[in-house]
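S.K.: The structure's right below; bear with me while I get my questions together.
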Amino acid sequence: MESSDDIVEMLVATVCSKATEREKHLFREALYALIGLARVEQMAHVQKDFEKAVIAASPNYNRH
């Protein structure tokens, strides 16, 4: 499996083949910002699922 760094560099090379170094840098930074946002969203979903599982495992949880 490729790392996110590898994928970012592949995208920069593919999409920005004729771009200036500054444009490549800005695109790269935007991609890393999206990766960060996706990680935060994923962790929020994991936390929400964990909380649901804890509640469901609680002896006081009513399954009806």
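Residue names in the structure tokens use chain letters A, B, ... in the order shown, residue numbers from 1 in each chain, and ligand numbers from 1 in the order shown.
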Please identify the helix (DSSP H, G or I) residues within chain A (assignment by DSSP from backbone atoms) and present them as a PyMOL selection string.
M.R.: chain A and resi 4-15+21-57
S.K.: Deliver the residues from the most recent selection as a file, using N, CA and C atoms, as a short mmCIF file (atom, residue, chain, number, x, y, z; two decimals), in the first residue's frame.
M.R.:
data_model
loop_
_atom_site.label_atom_id
_atom_site.label_comp_id
_atom_site.auth_asym_id
_atom_site.auth_seq_id
_atom_site.Cartn_x
_atom_site.Cartn_y
_atom_site.Cartn_z
N SER A 4 0.37 8.10 2.09
CA SER A 4 -0.29 9.33 1.64
C SER A 4 0.72 10.28 1.00
N ASP A 5 1.96 10.28 1.50
CA ASP A 5 3.00 11.12 0.89
C ASP A 5 3.25 10.72 -0.57
N ASP A 6 3.30 9.40 -0.81
CA ASP A 6 3.50 8.92 -2.19
C ASP A 6 2.36 9.35 -3.09
N ILE A 7 1.14 9.22 -2.59
CA ILE A 7 -0.03 9.57 -3.39
C ILE A 7 -0.08 11.07 -3.66
N VAL A 8 0.24 11.86 -2.64
CA VAL A 8 0.27 13.32 -2.83
C VAL A 8 1.29 13.68 -3.91
N GLU A 9 2.47 13.12 -3.83
CA GLU A 9 3.50 13.43 -4.82
C GLU A 9 3.10 12.97 -6.21
N MET A 10 2.44 11.82 -6.31
CA MET A 10 1.96 11.34 -7.60
C MET A 10 0.91 12.31 -8.18
N LEU A 11 -0.01 12.76 -7.32
CA LEU A 11 -1.03 13.71 -7.78
C LEU A 11 -0.41 15.04 -8.20
N VAL A 12 0.53 15.52 -7.42
CA VAL A 12 1.20 16.78 -7.77
C VAL A 12 1.90 16.64 -9.12
N ALA A 13 2.62 15.55 -9.30
CA ALA A 13 3.34 15.33 -10.56
C ALA A 13 2.39 15.22 -11.74
N THR A 14 1.25 14.56 -11.54
CA THR A 14 0.30 14.34 -12.62
C THR A 14 -0.50 15.59 -12.95
N VAL A 15 -1.03 16.23 -11.92
CA VAL A 15 -1.93 17.37 -12.13
C VAL A 15 -1.16 18.65 -12.42
N GLU A 21 6.69 26.05 -9.29
CA GLU A 21 6.98 25.42 -8.00
C GLU A 21 6.04 25.93 -6.92
N ARG A 22 5.69 27.20 -6.97
CA ARG A 22 4.75 27.76 -5.99
C ARG A 22 3.38 27.11 -6.12
N GLU A 23 2.89 26.96 -7.34
CA GLU A 23 1.59 26.32 -7.57
C GLU A 23 1.62 24.87 -7.10
N LYS A 24 2.71 24.18 -7.36
CA LYS A 24 2.85 22.80 -6.88
C LYS A 24 2.82 22.76 -5.36
N HIS A 25 3.52 23.69 -4.75
CA HIS A 25 3.54 23.75 -3.28
C HIS A 25 2.14 23.99 -2.73
N LEU A 26 1.41 24.94 -3.30
CA LEU A 26 0.06 25.24 -2.83
C LEU A 26 -0.87 24.04 -3.01
N PHE A 27 -0.76 23.36 -4.14
CA PHE A 27 -1.58 22.17 -4.38
C PHE A 27 -1.23 21.07 -3.37
N ARG A 28 0.05 20.88 -3.15
CA ARG A 28 0.51 19.87 -2.18
C ARG A 28 -0.04 20.18 -0.78
N GLU A 29 0.04 21.44 -0.38
CA GLU A 29 -0.46 21.84 0.94
C GLU A 29 -1.97 21.65 1.04
N ALA A 30 -2.69 21.93 -0.04
CA ALA A 30 -4.15 21.72 -0.04
C ALA A 30 -4.48 20.23 0.11
N LEU A 31 -3.72 19.39 -0.57
CA LEU A 31 -3.94 17.95 -0.44
C LEU A 31 -3.67 17.47 0.98
N TYR A 32 -2.60 17.96 1.60
CA TYR A 32 -2.32 17.57 2.98
C TYR A 32 -3.39 18.08 3.94
N ALA A 33 -3.95 19.24 3.66
CA ALA A 33 -5.05 19.75 4.49
C ALA A 33 -6.27 18.83 4.37
N LEU A 34 -6.56 18.37 3.17
CA LEU A 34 -7.68 17.43 2.97
C LEU A 34 -7.43 16.11 3.69
N ILE A 35 -6.20 15.64 3.65
CA ILE A 35 -5.86 14.40 4.36
C ILE A 35 -6.09 14.59 5.86
N GLY A 36 -5.66 15.73 6.38
CA GLY A 36 -5.86 16.01 7.80
C GLY A 36 -7.33 16.05 8.16
N LEU A 37 -8.13 16.71 7.34
CA LEU A 37 -9.57 16.78 7.58
C LEU A 37 -10.20 15.39 7.55
N ALA A 38 -9.79 14.58 6.58
CA ALA A 38 -10.33 13.22 6.48
C ALA A 38 -9.99 12.40 7.72
N ARG A 39 -8.79 12.58 8.24
CA ARG A 39 -8.39 11.85 9.46
C ARG A 39 -9.23 12.28 10.65
N VAL A 40 -9.48 13.57 10.77
CA VAL A 40 -10.30 14.08 11.87
C VAL A 40 -11.72 13.52 11.76
N GLU A 41 -12.27 13.55 10.55
CA GLU A 41 -13.61 13.02 10.35
C GLU A 41 -13.67 11.52 10.65
N GLN A 42 -12.65 10.79 10.22
CA GLN A 42 -12.61 9.35 10.48
C GLN A 42 -12.55 9.08 11.98
N MET A 43 -11.74 9.82 12.71
CA MET A 43 -11.64 9.62 14.15
C MET A 43 -12.96 9.97 14.84
N ALA A 44 -13.66 10.99 14.35
CA ALA A 44 -14.96 11.33 14.92
C ALA A 44 -15.95 10.19 14.72
N HIS A 45 -15.92 9.56 13.55
CA HIS A 45 -16.80 8.42 13.29
C HIS A 45 -16.44 7.24 14.19
N VAL A 46 -15.15 6.99 14.36
CA VAL A 46 -14.71 5.89 15.22
C VAL A 46 -15.17 6.14 16.66
N GLN A 47 -15.00 7.37 17.13
CA GLN A 47 -15.41 7.72 18.49
C GLN A 47 -16.92 7.54 18.66
N LYS A 48 -17.69 7.97 17.67
CA LYS A 48 -19.14 7.84 17.73
C LYS A 48 -19.55 6.36 17.76
N ASP A 49 -18.91 5.55 16.91
CA ASP A 49 -19.20 4.11 16.89
C ASP A 49 -18.82 3.46 18.21
N PHE A 50 -17.70 3.87 18.78
CA PHE A 50 -17.26 3.33 20.06
C PHE A 50 -18.27 3.67 21.15
N GLU A 51 -18.73 4.91 21.17
CA GLU A 51 -19.71 5.32 22.18
C GLU A 51 -21.01 4.51 22.03
N LYS A 52 -21.45 4.27 20.80
CA LYS A 52 -22.64 3.45 20.57
C LYS A 52 -22.43 2.03 21.09
N ALA A 53 -21.24 1.48 20.85
CA ALA A 53 -20.95 0.12 21.30
C ALA A 53 -20.93 0.04 22.82
N VAL A 54 -20.37 1.05 23.48
CA VAL A 54 -20.33 1.07 24.94
C VAL A 54 -21.74 1.13 25.50
N ILE A 55 -22.57 1.97 24.91
CA ILE A 55 -23.95 2.08 25.36
C ILE A 55 -24.69 0.76 25.15
N ALA A 56 -24.50 0.15 23.98
CA ALA A 56 -25.18 -1.11 23.68
C ALA A 56 -24.72 -2.24 24.60
N ALA A 57 -23.46 -2.19 25.05
CA ALA A 57 -22.94 -3.22 25.94
C ALA A 57 -23.31 -2.98 27.40
#
